[in-house]
Amino acid sequence: MRVNVTVNGEQRQADDVWEGESLLYVLRERLGLPGSKNACEQGECGSCTVYLDDVPVCSCLVAAGQAQDREVRTVEGLAEGDALDPVQEAFVEAGAVQCGFCTPGLVVAAHDLVNRVPDPSDPEIREALAGNLCRCTGYEKILDAVRLAARKKSAQQKSAR
Amino acid sequence: MDFLRPETLAEALALKSERPDAVPIAGGTDVMVELNFDHRRPAALLDLTRIPELREHSSENGVVRIGSGVPYVRIIDELGGALPALAMASRTVGSPQIRNRGTVGGNLGAASPAGDTHPVLLVAGATVEAASARGVRFIPATEFYLGVKRNALEPDELITAIHVPATRAPQQFSKVGTRNAMVIAVCSFAVALHPGENRVGAAVGSAAPTPRRATEAEEFLSGELTATGQWESPKPLLDSVKRRFGELVAQAASPIDDVRGSAAYRKHALSVLARRTLGWAWQDYTGKAA
């Protein structure tokens with residue numbers, strides 16, 4: 001089947017999509033967007049997290065056909081040109097990336113949190129990231145990155161005012 | 001495989017009646033796992049996410065009607081006041097990503113013995129609204145679960161809503177797992193006080209082929225509270241009453257040994273969960289009555 005979906009603001013079309021295929025497969029293998037990672041394929045690890053109509057979801061659990069006429073935003077769509085999003089900057093600066101496999105999912109989950117909650121508490125950060133597994137960092141640097149991202153975000157909003 | 005994409009409920013029911021082999025998909029948190037792992041290859045998928053009626057909830061005559069496609073995150077945010085235990089159980093489902101997509105309708109459709117909302121639906125007196133091209137019928141939750149991953153739906157029926165009585169009386173839900181997020185329950189338990197009927201509801205999950213009520217525990221506690229006049233003037237519960245309640249809850253279960261836990265552990269854990277949640281609910285009731 002054919003799937004028409006807006007991805008990172010651009011109207012995209014995928015052909016010969018198998019009806020039981022996931023949105024993740026379409027993004028990675030048909031639309032050339034390998035940022036979202038494929039690991040557990042059962043919603044456990046969060047590596048494939050994307051926004052679907054502004055809501056973070058595991059793209060491995062969205063049937064491709066369910067994304068028809070919807071808006072998807074992947075990790076590739078967070079930066080503006082060469083300027084990283086504050087969440088991405090914070091992950092780099094805090095050293096929250098080791099092997100990097102979980103990073104795209106965590107960045108999207110953290111991006112959603114700092115955009116919804118201006119000054120998140122530690123329990124709020126932990127809860128927001130509970131669906132994303134990292135086997136390298138022990139999470140401490142990731143928590144640092146999210147706290148830093150929240151500060152960057154509020155500074156950015158203040159300077160915009 | 002066909003991908004069926006109805007825009008209205010009427011269209012969905014017509015499709016399901018033509019294609020009873022079509023598997024309904026909403027949040028996809030169960031169905032897509034089965035597809036990704038090649039455990040299931042249905043002839044068709046019936047996508048329910050485009051039907052606006054299924055994504056609404058409303059309240060009438062003290063009963064909340066939750067469209068089968070309302071995700072857990074909205075039950076938590078919008079219905080926690082009227083349906084405390086359902087919101088508690090919803091908070092324990094998966095992770096934020098899963099709660100953004102998963103639905104009570106899907107929990108019922110999958111009918112896994114470990115589904116988080118089942119014990120709550122049993123104690124809260126919920127009713128499942130099932131529709132087909134032939135009409136609508138209402139199935140009490142107590143008659144809905146027939147076996148492991150088997151429910152009372154006919155092949156041409158879809159779950160359209162769940163009706164749950166709103167309450168101001170205390171309810172509790174608790175679940176055992178290896179961590180807070182992303183766990184399939186080792187066992188779970190829900191308790192609801194129904195002071196208007198001098199009755200207690202109690203049910204276990206993930207501890208029998210189906211979620212089930214702990215009828216003897218319910219009768220014991222209801223009888224005890226009524227006989228001692230505690231619905232009108234509640235006093236702290238005797239340890240012996242809480243302990244007996246826990247024992248009877250454990251007896252209601254018929255768990256198995258599996259990768260998540262042993263049968264013996266599940267029975268023990270259930271007696272602890274029952275005692276603890278009853279303690280919380282009763283403390284709440286005592287506070288409210290005082």
# chains A, B, ... in the order shown; residues from 1 in each chain; ligands from 1

call {"tool": "closest_atom_pairs", "arguments": {"of": "chain A", "to": "chain B", "cutoff": "10 Å", "atoms": "only C-alpha atoms", "output": "Markdown table"}}
result
| residue | atom | partner | partner_atom | distance |
| --- | --- | --- | --- | --- |
| A:Met1 | CA | B:Phe3 | CA | 8.5 |
| A:Trp18 | CA | B:Met1 | CA | 7.8 |
| A:Glu19 | CA | B:Phe3 | CA | 5.7 |
| A:Gly20 | CA | B:Leu35 | CA | 6.5 |
| A:Glu21 | CA | B:Asn36 | CA | 7.8 |
| A:Ser22 | CA | B:Met32 | CA | 7.5 |
| A:Cys40 | CA | B:Val33 | CA | 9.5 |
| A:Glu41 | CA | B:Asn36 | CA | 6.4 |
| A:Gln42 | CA | B:Val33 | CA | 5.1 |
| A:Gly43 | CA | B:Thr29 | CA | 7.1 |
| A:Glu44 | CA | B:Met182 | CA | 6.5 |
| A:Cys45 | CA | B:Met182 | CA | 9.0 |
| A:Gly46 | CA | B:Gln97 | CA | 7.7 |
| A:Thr49 | CA | B:Gln97 | CA | 7.6 |
| A:Val50 | CA | B:Gln97 | CA | 9.3 |
| A:Tyr51 | CA | B:Gln97 | CA | 9.7 |
| A:Val55 | CA | B:Asn100 | CA | 7.1 |
| A:Pro56 | CA | B:Gln97 | CA | 5.7 |
| A:Val57 | CA | B:Gln97 | CA | 4.5 |
| A:Cys58 | CA | B:Gln97 | CA | 6.0 |
| A:Ser59 | CA | B:Gln97 | CA | 9.5 |
| A:Cys60 | CA | B:Met32 | CA | 7.5 |
| A:Leu61 | CA | B:Met32 | CA | 5.2 |
| A:Val62 | CA | B:Gly28 | CA | 6.0 |
| A:Ala63 | CA | B:Met32 | CA | 6.9 |
| A:Ala64 | CA | B:Phe3 | CA | 9.6 |
| A:Gly65 | CA | B:Phe3 | CA | 7.0 |
| A:Gln66 | CA | B:Asp47 | CA | 6.8 |
| A:Ala67 | CA | B:Thr49 | CA | 9.9 |
| A:Gln68 | CA | B:Arg5 | CA | 9.7 |
| A:Ala109 | CA | B:Gln97 | CA | 8.5 |
| A:Glu127 | CA | B:Pro96 | CA | 7.7 |
| A:Ala128 | CA | B:Pro96 | CA | 6.4 |
| A:Leu129 | CA | B:Pro96 | CA | 7.9 |
| A:Ala130 | CA | B:Ser95 | CA | 5.9 |
| A:Gly131 | CA | B:Ser95 | CA | 4.6 |
| A:Asn132 | CA | B:Ser95 | CA | 8.4 |

call {"tool": "write_last_selection", "arguments": {"atoms": "C-alpha atoms", "output": "mmCIF file, in the first residue's frame"}}
result
data_model
loop_
_atom_site.group_PDB
_atom_site.id
_atom_site.type_symbol
_atom_site.label_atom_id
_atom_site.label_comp_id
_atom_site.auth_asym_id
_atom_site.auth_seq_id
_atom_site.Cartn_x
_atom_site.Cartn_y
_atom_site.Cartn_z
ATOM 1 C CA MET A 1 0.000 0.000 0.000
ATOM 2 C CA TRP A 18 3.434 -3.993 3.829
ATOM 3 C CA GLU A 19 0.158 -3.588 5.745
ATOM 4 C CA GLY A 20 1.646 -5.023 8.945
ATOM 5 C CA GLU A 21 4.728 -2.830 8.803
ATOM 6 C CA SER A 22 5.609 -0.367 11.557
ATOM 7 C CA CYS A 40 13.321 -4.170 20.994
ATOM 8 C CA GLU A 41 10.363 -3.847 18.588
ATOM 9 C CA GLN A 42 7.998 -4.167 21.558
ATOM 10 C CA GLY A 43 7.843 -0.708 23.101
ATOM 11 C CA GLU A 44 10.224 -1.548 25.949
ATOM 12 C CA CYS A 45 13.325 0.450 25.052
ATOM 13 C CA GLY A 46 12.060 3.768 23.676
ATOM 14 C CA THR A 49 10.473 7.388 20.066
ATOM 15 C CA VAL A 50 9.047 9.992 17.658
ATOM 16 C CA TYR A 51 6.291 12.566 17.854
ATOM 17 C CA VAL A 55 2.619 13.140 21.128
ATOM 18 C CA PRO A 56 5.706 10.982 21.863
ATOM 19 C CA VAL A 57 5.118 7.375 20.876
ATOM 20 C CA CYS A 58 7.141 4.258 20.116
ATOM 21 C CA SER A 59 7.162 4.228 16.316
ATOM 22 C CA CYS A 60 7.672 0.438 16.368
ATOM 23 C CA LEU A 61 4.141 0.139 17.792
ATOM 24 C CA VAL A 62 2.446 2.392 15.239
ATOM 25 C CA ALA A 63 1.200 0.558 12.156
ATOM 26 C CA ALA A 64 2.407 2.354 9.030
ATOM 27 C CA GLY A 65 -1.168 2.816 7.836
ATOM 28 C CA GLN A 66 -2.085 4.548 11.093
ATOM 29 C CA ALA A 67 0.363 7.331 10.199
ATOM 30 C CA GLN A 68 -1.479 8.132 6.952
ATOM 31 C CA ALA A 109 11.426 12.111 25.213
ATOM 32 C CA GLU A 127 9.083 9.471 35.077
ATOM 33 C CA ALA A 128 9.331 11.124 31.654
ATOM 34 C CA LEU A 129 12.345 8.990 30.744
ATOM 35 C CA ALA A 130 11.009 5.750 32.262
ATOM 36 C CA GLY A 131 10.253 4.359 28.813
ATOM 37 C CA ASN A 132 13.800 4.790 27.503
#

call {"tool": "select_by_dssp", "arguments": {"residues": "stretch 46-129 of chain A", "states": "strand (DSSP E)", "output": "list of chain:residue names"}}
result
A:Thr49, A:Val50, A:Tyr51, A:Leu52, A:Val55, A:Pro56, A:Val57, A:Cys58, A:Glu71, A:Val72, A:Arg73

call {"tool": "residues_around", "arguments": {"residues": "stretch 141-151 of chain A", "least_positions_apart": "3", "cutoff": "6 Å", "atoms": "only C-alpha atoms", "output": "list in words"}}
result
Pro86, Val87, Ala90, Phe91, Ala94, Ala96, Val114 and Ser154 of chain A

call {"tool": "residues_around", "arguments": {"residues": "stretch 235-251 of chain B", "least_positions_apart": "5", "cutoff": "12 Å", "atoms": "only C-alpha atoms", "output": "NGL selection string"}}
result
:B and (187-191 or 200-205 or 207-208 or 212-225 or 228-230 or 263-290)

call {"tool": "closest_residue", "arguments": {"among": "A:Cys48, A:Val117, A:Ala83, A:Ile125", "to": "A:Phe101", "atoms": "only C-alpha atoms"}}
result
A:Cys48

call {"tool": "select_by_dssp", "arguments": {"residues": "stretch 141-270 of chain B", "states": "alpha helix (DSSP H)", "output": "JSON, numbers by chain"}}
result
{"B": [215, 216, 217, 218, 219, 220, 221, 222, 223, 224, 225, 226, 227, 239, 240, 241, 242, 243, 244, 245, 246, 247, 248, 249, 250, 251, 252, 263, 264, 265, 266, 267, 268, 269, 270]}

call {"tool": "closest_residue", "arguments": {"among": "A:Lys152, A:Leu133, A:Val92, A:Cys99", "to": "A:Asn115", "atoms": "only C-alpha atoms"}}
result
A:Lys152

call {"tool": "residues_around", "arguments": {"residues": "A:Val75", "least_positions_apart": "2", "cutoff": "6 Å", "atoms": "only C-alpha atoms", "output": "PyMOL selection string"}}
result
chain A and resi 77-78+104

call {"tool": "write_last_selection", "arguments": {"atoms": "N, CA and C atoms", "output": "PDB file, in the first residue's frame"}}
result
ATOM      1  N   GLY A  77      14.261  16.012  12.971  1.00  0.00           N
ATOM      2  CA  GLY A  77      13.498  17.241  12.772  1.00  0.00           C
ATOM      3  C   GLY A  77      13.570  18.202  13.950  1.00  0.00           C
ATOM      4  N   LEU A  78      14.449  17.939  14.927  1.00  0.00           N
ATOM      5  CA  LEU A  78      14.501  18.819  16.104  1.00  0.00           C
ATOM      6  C   LEU A  78      15.421  20.016  15.884  1.00  0.00           C
ATOM      7  N   PRO A 104      18.807   9.091  20.394  1.00  0.00           N
ATOM      8  CA  PRO A 104      17.687   9.732  19.671  1.00  0.00           C
ATOM      9  C   PRO A 104      16.357   9.623  20.413  1.00  0.00           C
TER      10      PRO A 104
END

call {"tool": "atom_distance", "arguments": {"atom1": "atom CA of B:Asp156", "atom2": "atom CA of B:Phe138"}}
result
14.9 Å

call {"tool": "residues_around", "arguments": {"residues": "stretch 55-58 of chain B", "least_positions_apart": "4", "cutoff": "6 Å", "atoms": "only C-alpha atoms", "output": "PDB file with N, CA and C atoms, in the first residue's frame"}}
result
ATOM      1  N   VAL B  64     -19.464   6.898  34.192  1.00  0.00           N
ATOM      2  CA  VAL B  64     -18.584   7.464  33.172  1.00  0.00           C
ATOM      3  C   VAL B  64     -18.504   6.481  32.004  1.00  0.00           C
ATOM      4  N   ARG B  65     -18.773   6.997  30.818  1.00  0.00           N
ATOM      5  CA  ARG B  65     -18.645   6.184  29.609  1.00  0.00           C
ATOM      6  C   ARG B  65     -17.341   6.579  28.927  1.00  0.00           C
ATOM      7  N   ILE B  66     -16.412   5.618  28.875  1.00  0.00           N
ATOM      8  CA  ILE B  66     -15.099   5.894  28.286  1.00  0.00           C
ATOM      9  C   ILE B  66     -15.033   5.217  26.929  1.00  0.00           C
ATOM     10  N   GLY B  67     -14.895   6.005  25.869  1.00  0.00           N
ATOM     11  CA  GLY B  67     -14.740   5.428  24.541  1.00  0.00           C
ATOM     12  C   GLY B  67     -13.557   4.480  24.531  1.00  0.00           C
ATOM     13  N   GLY B  69     -11.281   3.962  22.610  1.00  0.00           N
ATOM     14  CA  GLY B  69     -10.022   4.459  22.059  1.00  0.00           C
ATOM     15  C   GLY B  69      -9.390   5.588  22.866  1.00  0.00           C
ATOM     16  N   VAL B  70      -9.916   5.858  24.060  1.00  0.00           N
ATOM     17  CA  VAL B  70      -9.328   6.910  24.904  1.00  0.00           C
ATOM     18  C   VAL B  70      -8.026   6.376  25.512  1.00  0.00           C
TER      19      VAL B  70
END

call {"tool": "residues_around", "arguments": {"residues": "A:Glu10", "least_positions_apart": "5", "cutoff": "12 Å", "atoms": "only C-alpha atoms", "output": "list in words"}}
result
Asn4, Val5, Leu31, Asp69, Arg70, Glu71, Val72, Arg73, Thr74 and Gly77 of chain A

call {"tool": "write_last_selection", "arguments": {"atoms": "N, CA and C atoms", "output": "short mmCIF file (atom, residue, chain, number, x, y, z; two decimals), in the first residue's frame"}}
result
data_model
loop_
_atom_site.label_atom_id
_atom_site.label_comp_id
_atom_site.auth_asym_id
_atom_site.auth_seq_id
_atom_site.Cartn_x
_atom_site.Cartn_y
_atom_site.Cartn_z
N ASN A 4 0.98 8.17 2.79
CA ASN A 4 1.33 9.60 2.72
C ASN A 4 1.37 10.14 4.13
N VAL A 5 2.49 10.73 4.48
CA VAL A 5 2.65 11.21 5.85
C VAL A 5 3.56 12.43 5.83
N LEU A 31 12.07 5.88 4.01
CA LEU A 31 12.18 7.34 3.89
C LEU A 31 13.60 7.83 4.21
N ASP A 69 -1.70 10.53 6.61
CA ASP A 69 -2.21 11.89 6.81
C ASP A 69 -1.92 12.47 8.19
N ARG A 70 -1.01 11.84 8.93
CA ARG A 70 -0.65 12.39 10.24
C ARG A 70 0.70 13.10 10.13
N GLU A 71 1.07 13.77 11.24
CA GLU A 71 2.35 14.48 11.27
C GLU A 71 3.33 13.78 12.19
N VAL A 72 4.48 13.45 11.64
CA VAL A 72 5.52 12.79 12.42
C VAL A 72 6.70 13.74 12.54
N ARG A 73 7.30 13.78 13.73
CA ARG A 73 8.52 14.55 13.90
C ARG A 73 9.55 13.62 14.52
N THR A 74 10.65 13.42 13.84
CA THR A 74 11.68 12.51 14.33
C THR A 74 12.83 13.32 14.92
N GLY A 77 14.26 16.01 12.97
CA GLY A 77 13.50 17.24 12.77
C GLY A 77 13.57 18.20 13.95
#

call {"tool": "atom_distance", "arguments": {"atom1": "atom CA of A:Asn38", "atom2": "atom CA of B:Ile75"}}
result
29.4 Å
